[in-house]
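As provided, my_file.cif (mmCIF, N, CA and C atoms) reads as follows.
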data_input
loop_
_atom_site.label_atom_id
_atom_site.label_comp_id
_atom_site.auth_asym_id
_atom_site.auth_seq_id
_atom_site.Cartn_x
_atom_site.Cartn_y
_atom_site.Cartn_z
N GLY A 287 -28.72 10.45 -3.53
CA GLY A 287 -29.52 10.19 -4.69
C GLY A 287 -28.68 10.15 -5.94
N GLU A 288 -29.31 9.82 -7.03
CA GLU A 288 -28.62 9.74 -8.31
C GLU A 288 -28.12 11.11 -8.72
N GLY A 289 -26.91 11.14 -9.28
CA GLY A 289 -26.35 12.37 -9.79
C GLY A 289 -25.57 13.18 -8.77
N THR A 290 -25.57 12.79 -7.51
CA THR A 290 -24.85 13.51 -6.48
C THR A 290 -23.40 13.05 -6.48
N LEU A 291 -22.48 14.00 -6.63
CA LEU A 291 -21.06 13.64 -6.61
C LEU A 291 -20.54 13.78 -5.19
N ALA A 292 -19.96 12.71 -4.69
CA ALA A 292 -19.41 12.69 -3.33
C ALA A 292 -17.90 12.81 -3.38
N GLY A 293 -17.27 12.68 -2.22
CA GLY A 293 -15.83 12.89 -2.08
C GLY A 293 -14.96 12.12 -3.05
N ASP A 294 -15.24 10.84 -3.27
CA ASP A 294 -14.41 10.06 -4.18
C ASP A 294 -14.53 10.55 -5.62
N ALA A 295 -15.70 11.02 -5.98
CA ALA A 295 -15.89 11.53 -7.34
C ALA A 295 -15.06 12.80 -7.55
N GLU A 296 -14.85 13.57 -6.50
CA GLU A 296 -14.03 14.78 -6.60
C GLU A 296 -12.62 14.44 -7.08
N PHE A 297 -12.11 13.30 -6.64
CA PHE A 297 -10.79 12.85 -7.07
C PHE A 297 -10.76 12.67 -8.59
N LEU A 298 -11.80 12.04 -9.14
CA LEU A 298 -11.87 11.83 -10.58
C LEU A 298 -11.99 13.15 -11.33
N LEU A 299 -12.78 14.07 -10.80
CA LEU A 299 -12.91 15.39 -11.42
C LEU A 299 -11.56 16.10 -11.48
N ASP A 300 -10.76 15.96 -10.43
CA ASP A 300 -9.43 16.58 -10.41
C ASP A 300 -8.54 16.05 -11.52
N TYR A 301 -8.80 14.82 -11.97
CA TYR A 301 -8.02 14.24 -13.05
C TYR A 301 -8.65 14.46 -14.43
N GLY A 302 -9.67 15.29 -14.47
CA GLY A 302 -10.24 15.68 -15.75
C GLY A 302 -11.37 14.82 -16.26
N VAL A 303 -11.88 13.89 -15.46
CA VAL A 303 -13.02 13.08 -15.88
C VAL A 303 -14.27 13.96 -15.82
N PRO A 304 -15.02 14.04 -16.91
CA PRO A 304 -16.23 14.89 -16.91
C PRO A 304 -17.26 14.38 -15.90
N ALA A 305 -17.93 15.31 -15.23
CA ALA A 305 -18.91 14.95 -14.19
C ALA A 305 -20.00 14.05 -14.74
N ASP A 306 -20.42 14.24 -15.99
CA ASP A 306 -21.49 13.41 -16.54
C ASP A 306 -21.02 11.99 -16.89
N SER A 307 -19.72 11.73 -16.74
CA SER A 307 -19.18 10.39 -16.94
C SER A 307 -19.00 9.65 -15.63
N ILE A 308 -19.46 10.26 -14.53
CA ILE A 308 -19.30 9.65 -13.21
C ILE A 308 -20.68 9.45 -12.59
N PRO A 309 -21.40 8.41 -13.03
CA PRO A 309 -22.70 8.17 -12.39
C PRO A 309 -22.48 7.68 -10.96
N THR A 310 -23.24 8.22 -10.05
CA THR A 310 -23.14 7.81 -8.65
C THR A 310 -24.51 7.41 -8.15
N GLU A 311 -24.50 6.64 -7.08
CA GLU A 311 -25.73 6.16 -6.47
C GLU A 311 -25.60 6.39 -4.97
N GLY A 312 -26.56 7.05 -4.36
CA GLY A 312 -26.44 7.37 -2.95
C GLY A 312 -27.61 6.92 -2.10
N ASP A 313 -28.45 6.03 -2.61
CA ASP A 313 -29.63 5.61 -1.87
C ASP A 313 -29.49 4.25 -1.20
N SER A 314 -28.47 3.50 -1.55
CA SER A 314 -28.35 2.14 -1.01
C SER A 314 -27.93 2.17 0.45
N ARG A 315 -28.34 1.11 1.15
CA ARG A 315 -28.00 0.96 2.57
C ARG A 315 -26.96 -0.13 2.78
N ASN A 316 -26.69 -0.91 1.73
CA ASN A 316 -25.70 -1.99 1.85
C ASN A 316 -25.17 -2.32 0.46
N THR A 317 -24.22 -3.22 0.41
CA THR A 317 -23.56 -3.54 -0.86
C THR A 317 -24.51 -4.19 -1.86
N GLU A 318 -25.39 -5.04 -1.38
CA GLU A 318 -26.34 -5.70 -2.28
C GLU A 318 -27.23 -4.67 -2.96
N GLU A 319 -27.78 -3.73 -2.18
CA GLU A 319 -28.61 -2.67 -2.78
C GLU A 319 -27.78 -1.82 -3.73
N ASN A 320 -26.54 -1.52 -3.37
CA ASN A 320 -25.70 -0.71 -4.23
C ASN A 320 -25.53 -1.36 -5.60
N ALA A 321 -25.27 -2.66 -5.63
CA ALA A 321 -25.11 -3.37 -6.91
C ALA A 321 -26.40 -3.30 -7.73
N ARG A 322 -27.53 -3.55 -7.08
CA ARG A 322 -28.82 -3.50 -7.79
C ARG A 322 -29.12 -2.09 -8.29
N PHE A 323 -28.91 -1.09 -7.45
CA PHE A 323 -29.23 0.29 -7.81
C PHE A 323 -28.31 0.83 -8.91
N VAL A 324 -27.02 0.45 -8.86
CA VAL A 324 -26.09 0.89 -9.90
C VAL A 324 -26.48 0.27 -11.24
N ALA A 325 -26.83 -1.01 -11.24
CA ALA A 325 -27.26 -1.66 -12.48
C ALA A 325 -28.48 -0.95 -13.06
N ALA A 326 -29.46 -0.63 -12.21
CA ALA A 326 -30.66 0.07 -12.68
C ALA A 326 -30.32 1.48 -13.16
N LEU A 327 -29.45 2.17 -12.45
CA LEU A 327 -29.05 3.53 -12.85
C LEU A 327 -28.42 3.51 -14.24
N LEU A 328 -27.52 2.57 -14.48
CA LEU A 328 -26.86 2.50 -15.78
C LEU A 328 -27.82 2.09 -16.89
N LYS A 329 -28.79 1.24 -16.58
CA LYS A 329 -29.80 0.89 -17.59
C LYS A 329 -30.62 2.12 -17.98
N ARG A 330 -30.99 2.93 -16.98
CA ARG A 330 -31.73 4.16 -17.28
C ARG A 330 -30.88 5.13 -18.10
N ARG A 331 -29.62 5.27 -17.74
CA ARG A 331 -28.72 6.19 -18.46
C ARG A 331 -28.49 5.75 -19.90
N ASN A 332 -28.35 4.45 -20.11
CA ASN A 332 -28.01 3.92 -21.43
C ASN A 332 -29.22 3.79 -22.33
N GLY A 333 -30.40 3.73 -21.76
CA GLY A 333 -31.61 3.57 -22.57
C GLY A 333 -31.77 2.15 -23.08
N ALA A 334 -32.80 1.97 -23.86
CA ALA A 334 -33.11 0.64 -24.40
C ALA A 334 -32.21 0.33 -25.59
N GLY A 335 -32.19 -0.93 -25.95
CA GLY A 335 -31.42 -1.34 -27.12
C GLY A 335 -30.14 -2.04 -26.73
N ALA A 336 -29.59 -2.74 -27.71
CA ALA A 336 -28.38 -3.51 -27.46
C ALA A 336 -27.18 -2.59 -27.39
N ARG A 337 -26.38 -2.77 -26.36
CA ARG A 337 -25.14 -2.02 -26.18
C ARG A 337 -24.05 -3.01 -25.84
N PRO A 338 -22.83 -2.70 -26.21
CA PRO A 338 -21.75 -3.60 -25.80
C PRO A 338 -21.61 -3.56 -24.28
N GLN A 339 -20.97 -4.58 -23.75
CA GLN A 339 -20.79 -4.64 -22.30
C GLN A 339 -20.10 -3.38 -21.81
N GLN A 340 -20.65 -2.78 -20.77
CA GLN A 340 -20.10 -1.55 -20.23
C GLN A 340 -19.10 -1.87 -19.12
N THR A 341 -18.01 -1.15 -19.10
CA THR A 341 -16.99 -1.34 -18.08
C THR A 341 -17.15 -0.28 -17.00
N ILE A 342 -17.09 -0.73 -15.73
CA ILE A 342 -17.15 0.21 -14.62
C ILE A 342 -15.98 -0.03 -13.68
N LEU A 343 -15.59 1.00 -12.96
CA LEU A 343 -14.62 0.87 -11.89
C LEU A 343 -15.39 0.73 -10.60
N LEU A 344 -15.14 -0.33 -9.87
CA LEU A 344 -15.80 -0.56 -8.58
C LEU A 344 -14.80 -0.20 -7.50
N ALA A 345 -15.00 0.96 -6.88
CA ALA A 345 -14.10 1.44 -5.83
C ALA A 345 -14.73 1.20 -4.47
N THR A 346 -14.02 0.45 -3.65
CA THR A 346 -14.46 0.19 -2.28
C THR A 346 -13.25 -0.20 -1.46
N SER A 347 -13.47 -0.45 -0.19
CA SER A 347 -12.41 -0.85 0.71
C SER A 347 -11.75 -2.14 0.23
N ALA A 348 -10.45 -2.22 0.39
CA ALA A 348 -9.73 -3.43 0.02
C ALA A 348 -10.28 -4.64 0.77
N TRP A 349 -10.66 -4.46 2.03
CA TRP A 349 -11.23 -5.54 2.83
C TRP A 349 -12.53 -6.05 2.23
N HIS A 350 -13.29 -5.16 1.64
CA HIS A 350 -14.66 -5.44 1.22
C HIS A 350 -14.77 -5.81 -0.27
N MET A 351 -13.67 -5.70 -1.01
CA MET A 351 -13.74 -5.83 -2.46
C MET A 351 -14.23 -7.20 -2.93
N ARG A 352 -13.77 -8.27 -2.34
CA ARG A 352 -14.13 -9.61 -2.82
C ARG A 352 -15.65 -9.81 -2.77
N ARG A 353 -16.29 -9.41 -1.68
CA ARG A 353 -17.74 -9.56 -1.55
C ARG A 353 -18.46 -8.60 -2.49
N SER A 354 -17.94 -7.40 -2.66
CA SER A 354 -18.57 -6.43 -3.56
C SER A 354 -18.58 -6.94 -5.00
N VAL A 355 -17.48 -7.50 -5.44
CA VAL A 355 -17.41 -8.04 -6.81
C VAL A 355 -18.43 -9.16 -6.97
N LEU A 356 -18.57 -10.03 -5.97
CA LEU A 356 -19.59 -11.10 -6.05
C LEU A 356 -20.99 -10.52 -6.26
N MET A 357 -21.31 -9.48 -5.53
CA MET A 357 -22.64 -8.90 -5.64
C MET A 357 -22.87 -8.27 -7.01
N PHE A 358 -21.86 -7.60 -7.53
CA PHE A 358 -22.00 -7.01 -8.86
C PHE A 358 -22.09 -8.09 -9.93
N GLU A 359 -21.40 -9.19 -9.76
CA GLU A 359 -21.52 -10.29 -10.72
C GLU A 359 -22.93 -10.85 -10.73
N LYS A 360 -23.58 -10.89 -9.56
CA LYS A 360 -24.93 -11.43 -9.48
C LYS A 360 -25.97 -10.43 -10.00
N TYR A 361 -25.92 -9.19 -9.54
CA TYR A 361 -26.98 -8.23 -9.83
C TYR A 361 -26.72 -7.38 -11.08
N ALA A 362 -25.51 -7.38 -11.58
CA ALA A 362 -25.20 -6.59 -12.77
C ALA A 362 -24.26 -7.37 -13.68
N PRO A 363 -24.68 -8.57 -14.12
CA PRO A 363 -23.78 -9.40 -14.93
C PRO A 363 -23.45 -8.77 -16.28
N GLU A 364 -24.24 -7.80 -16.68
CA GLU A 364 -23.97 -7.13 -17.96
C GLU A 364 -22.82 -6.14 -17.86
N LEU A 365 -22.34 -5.89 -16.66
CA LEU A 365 -21.24 -4.94 -16.46
C LEU A 365 -19.91 -5.68 -16.34
N HIS A 366 -18.89 -5.12 -16.95
CA HIS A 366 -17.53 -5.61 -16.76
C HIS A 366 -16.95 -4.78 -15.62
N VAL A 367 -16.73 -5.42 -14.47
CA VAL A 367 -16.30 -4.74 -13.26
C VAL A 367 -14.79 -4.81 -13.11
N ILE A 368 -14.18 -3.65 -12.96
CA ILE A 368 -12.75 -3.57 -12.66
C ILE A 368 -12.63 -3.12 -11.20
N PRO A 369 -12.14 -4.01 -10.32
CA PRO A 369 -12.01 -3.64 -8.91
C PRO A 369 -10.90 -2.61 -8.71
N VAL A 370 -11.20 -1.58 -7.93
CA VAL A 370 -10.23 -0.55 -7.58
C VAL A 370 -10.25 -0.44 -6.06
N ALA A 371 -9.41 -1.24 -5.42
CA ALA A 371 -9.42 -1.29 -3.96
C ALA A 371 -8.73 -0.07 -3.37
N ALA A 372 -9.32 0.42 -2.30
CA ALA A 372 -8.80 1.60 -1.62
C ALA A 372 -8.46 1.24 -0.17
N ASP A 373 -7.86 2.14 0.50
CA ASP A 373 -7.56 2.10 1.94
C ASP A 373 -6.83 0.85 2.40
N TYR A 374 -5.80 0.47 1.66
CA TYR A 374 -4.99 -0.67 2.09
C TYR A 374 -4.37 -0.39 3.45
N GLU A 375 -4.33 -1.43 4.28
CA GLU A 375 -3.66 -1.32 5.57
C GLU A 375 -2.16 -1.50 5.32
N TYR A 376 -1.37 -0.83 6.09
CA TYR A 376 0.07 -1.02 5.98
C TYR A 376 0.67 -0.98 7.38
N THR A 377 1.91 -1.38 7.46
CA THR A 377 2.59 -1.42 8.75
C THR A 377 3.97 -0.81 8.61
N LEU A 378 4.49 -0.35 9.74
CA LEU A 378 5.84 0.21 9.74
C LEU A 378 6.89 -0.84 10.06
N ILE A 379 6.45 -2.06 10.35
CA ILE A 379 7.43 -3.11 10.63
C ILE A 379 8.27 -3.32 9.38
N GLY A 380 9.53 -3.43 9.55
CA GLY A 380 10.45 -3.52 8.43
C GLY A 380 11.29 -2.26 8.33
N THR A 381 10.74 -1.16 8.84
CA THR A 381 11.50 0.09 8.84
C THR A 381 12.15 0.32 10.20
N ARG A 382 11.91 -0.61 11.14
CA ARG A 382 12.50 -0.48 12.47
C ARG A 382 12.73 -1.88 13.04
N ASP A 383 13.45 -1.97 14.12
CA ASP A 383 13.71 -3.25 14.77
C ASP A 383 12.46 -3.71 15.52
N PHE A 384 12.29 -5.04 15.62
CA PHE A 384 11.21 -5.61 16.42
C PHE A 384 11.45 -5.34 17.90
N SER A 385 10.35 -5.28 18.62
CA SER A 385 10.45 -5.21 20.08
C SER A 385 9.36 -6.11 20.66
N GLY A 386 9.38 -6.33 21.97
CA GLY A 386 8.37 -7.15 22.62
C GLY A 386 6.97 -6.60 22.44
N ARG A 387 6.85 -5.29 22.30
CA ARG A 387 5.51 -4.67 22.13
C ARG A 387 4.87 -5.04 20.80
N ASP A 388 5.65 -5.49 19.82
CA ASP A 388 5.09 -5.89 18.52
C ASP A 388 4.25 -7.16 18.64
N PHE A 389 4.39 -7.90 19.74
CA PHE A 389 3.65 -9.15 19.93
C PHE A 389 2.49 -9.02 20.91
N VAL A 390 2.23 -7.82 21.38
CA VAL A 390 1.12 -7.56 22.30
C VAL A 390 0.01 -6.86 21.50
N PRO A 391 -1.17 -7.48 21.39
CA PRO A 391 -2.23 -6.87 20.59
C PRO A 391 -2.70 -5.53 21.19
N THR A 392 -3.05 -4.62 20.31
CA THR A 392 -3.60 -3.34 20.71
C THR A 392 -5.08 -3.31 20.37
N SER A 393 -5.78 -2.28 20.79
CA SER A 393 -7.20 -2.16 20.44
C SER A 393 -7.37 -2.04 18.93
N ALA A 394 -6.43 -1.40 18.24
CA ALA A 394 -6.50 -1.30 16.77
C ALA A 394 -6.38 -2.68 16.13
N ASP A 395 -5.56 -3.55 16.70
CA ASP A 395 -5.43 -4.92 16.18
C ASP A 395 -6.76 -5.66 16.30
N PHE A 396 -7.42 -5.51 17.45
CA PHE A 396 -8.72 -6.15 17.63
C PHE A 396 -9.75 -5.57 16.66
N ASP A 397 -9.69 -4.28 16.41
CA ASP A 397 -10.61 -3.65 15.47
C ASP A 397 -10.42 -4.22 14.06
N ARG A 398 -9.17 -4.34 13.62
CA ARG A 398 -8.90 -4.92 12.30
C ARG A 398 -9.36 -6.37 12.24
N GLY A 399 -9.18 -7.10 13.34
CA GLY A 399 -9.65 -8.48 13.39
C GLY A 399 -11.16 -8.56 13.25
N ASN A 400 -11.88 -7.64 13.87
CA ASN A 400 -13.34 -7.60 13.76
C ASN A 400 -13.77 -7.32 12.32
N VAL A 401 -13.08 -6.42 11.66
CA VAL A 401 -13.41 -6.11 10.26
C VAL A 401 -13.19 -7.34 9.39
N LEU A 402 -12.06 -8.00 9.58
CA LEU A 402 -11.76 -9.21 8.81
C LEU A 402 -12.81 -10.29 9.07
N PHE A 403 -13.15 -10.50 10.34
CA PHE A 403 -14.14 -11.51 10.70
C PHE A 403 -15.49 -11.19 10.05
N LYS A 404 -15.94 -9.94 10.11
CA LYS A 404 -17.21 -9.53 9.50
C LYS A 404 -17.20 -9.78 8.00
N GLU A 405 -16.11 -9.46 7.34
CA GLU A 405 -16.03 -9.67 5.90
C GLU A 405 -16.01 -11.15 5.54
N LEU A 406 -15.31 -11.96 6.31
CA LEU A 406 -15.29 -13.41 6.04
C LEU A 406 -16.67 -14.02 6.23
N ILE A 407 -17.35 -13.65 7.31
CA ILE A 407 -18.71 -14.15 7.55
C ILE A 407 -19.64 -13.66 6.44
N GLY A 408 -19.54 -12.37 6.09
CA GLY A 408 -20.39 -11.83 5.02
C GLY A 408 -20.14 -12.50 3.68
N TYR A 409 -18.87 -12.72 3.35
CA TYR A 409 -18.52 -13.34 2.07
C TYR A 409 -19.08 -14.76 1.99
N TRP A 410 -18.81 -15.58 3.01
CA TRP A 410 -19.26 -16.96 2.96
C TRP A 410 -20.78 -17.06 3.13
N GLY A 411 -21.36 -16.17 3.92
CA GLY A 411 -22.82 -16.15 4.03
C GLY A 411 -23.46 -15.84 2.69
N TYR A 412 -22.89 -14.89 1.98
CA TYR A 412 -23.42 -14.54 0.67
C TYR A 412 -23.24 -15.69 -0.32
N ARG A 413 -22.06 -16.32 -0.30
CA ARG A 413 -21.81 -17.45 -1.22
C ARG A 413 -22.75 -18.62 -0.96
N LEU A 414 -23.03 -18.89 0.31
CA LEU A 414 -23.85 -20.06 0.66
C LEU A 414 -25.34 -19.83 0.57
N PHE A 415 -25.80 -18.62 0.87
CA PHE A 415 -27.24 -18.41 1.01
C PHE A 415 -27.88 -17.52 -0.04
N ARG A 416 -27.13 -17.00 -0.99
CA ARG A 416 -27.74 -16.12 -2.00
C ARG A 416 -27.66 -16.73 -3.36
#
Structure encoded using structure tokens:
Amino acid sequence: GEGTLAGDAEFLLDYGVPADSIPTEGDSRNTEENARFVAALLKRRNGAGARPQQTILLATSAWHMRRSVLMFEKYAPELHVIPVAADYEYTLIGTRDFSGRDFVPTSADFDRGNVLFKELIGYWGYRLFR
């Protein structure tokens, strides 16, 4: 629910950001609802009247960021969104010599491929049908 600080917010608190400056939303079931609910939450917090464009940090998975920004542009155009991508994938290749095993897919490779495929389908589905 509104006002509940979760794990990522703890990181901001550690850096001295006041808790009342970290609005959170915990009722959404997907990215589209999150964008709509965050926009409504900020409208309630800010009250009525003209305000300059508000800047927010949008923190989500690096894989998911492109689609998340699209949704916030649609449902919260009054917000200036700064993407803050998290959980970048990295590899150890380059720190060691190649071997034949580097060319044999693992279950983790298939999992990453599924995530990429889901995001590509979601992104283009959203662009075409929303």
Next item on the list: Mind giving me the straight-line distance from atom CA of Pro391 of chain A to atom N of Ala348 of chain A in Å, one decimal?
Entry: 22.3 Å
Note to self: If the PyMOL selection byres (((chain A and resi 406-416 and name CA) around 12) and name CA) were run on this exact file, what residues would it hold? Put them as an MDAnalysis selection string.
What the structure shows: chainID A and resid 316:318 349:357 359:361 399:405
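Considering only C-alpha atoms, the residue among A:Ala394, A:Ala321, A:Val367, A:Ile342 positioned nearest to Ile308 of chain A is A:Ile342.
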Item checked: Selection under test: the PyMOL selection byres (((chain A and resi 328 and name CA) around 10) and name CA); residues as a ChimeraX atom specification -> /A:309-310,323-327,329-333,340,362,365
Item checked: A:Pro369, A:Pro304, A:Gly312, A:Leu298 ranked by distance to Leu343 of chain A, top pick (using only N, CA and C atoms) -> A:Pro369
Checklist line | Atomic separation - atom CA of Val370 of chain A relative to atom CA of Tyr301 of chain A, Å | finding: 15.9 Å
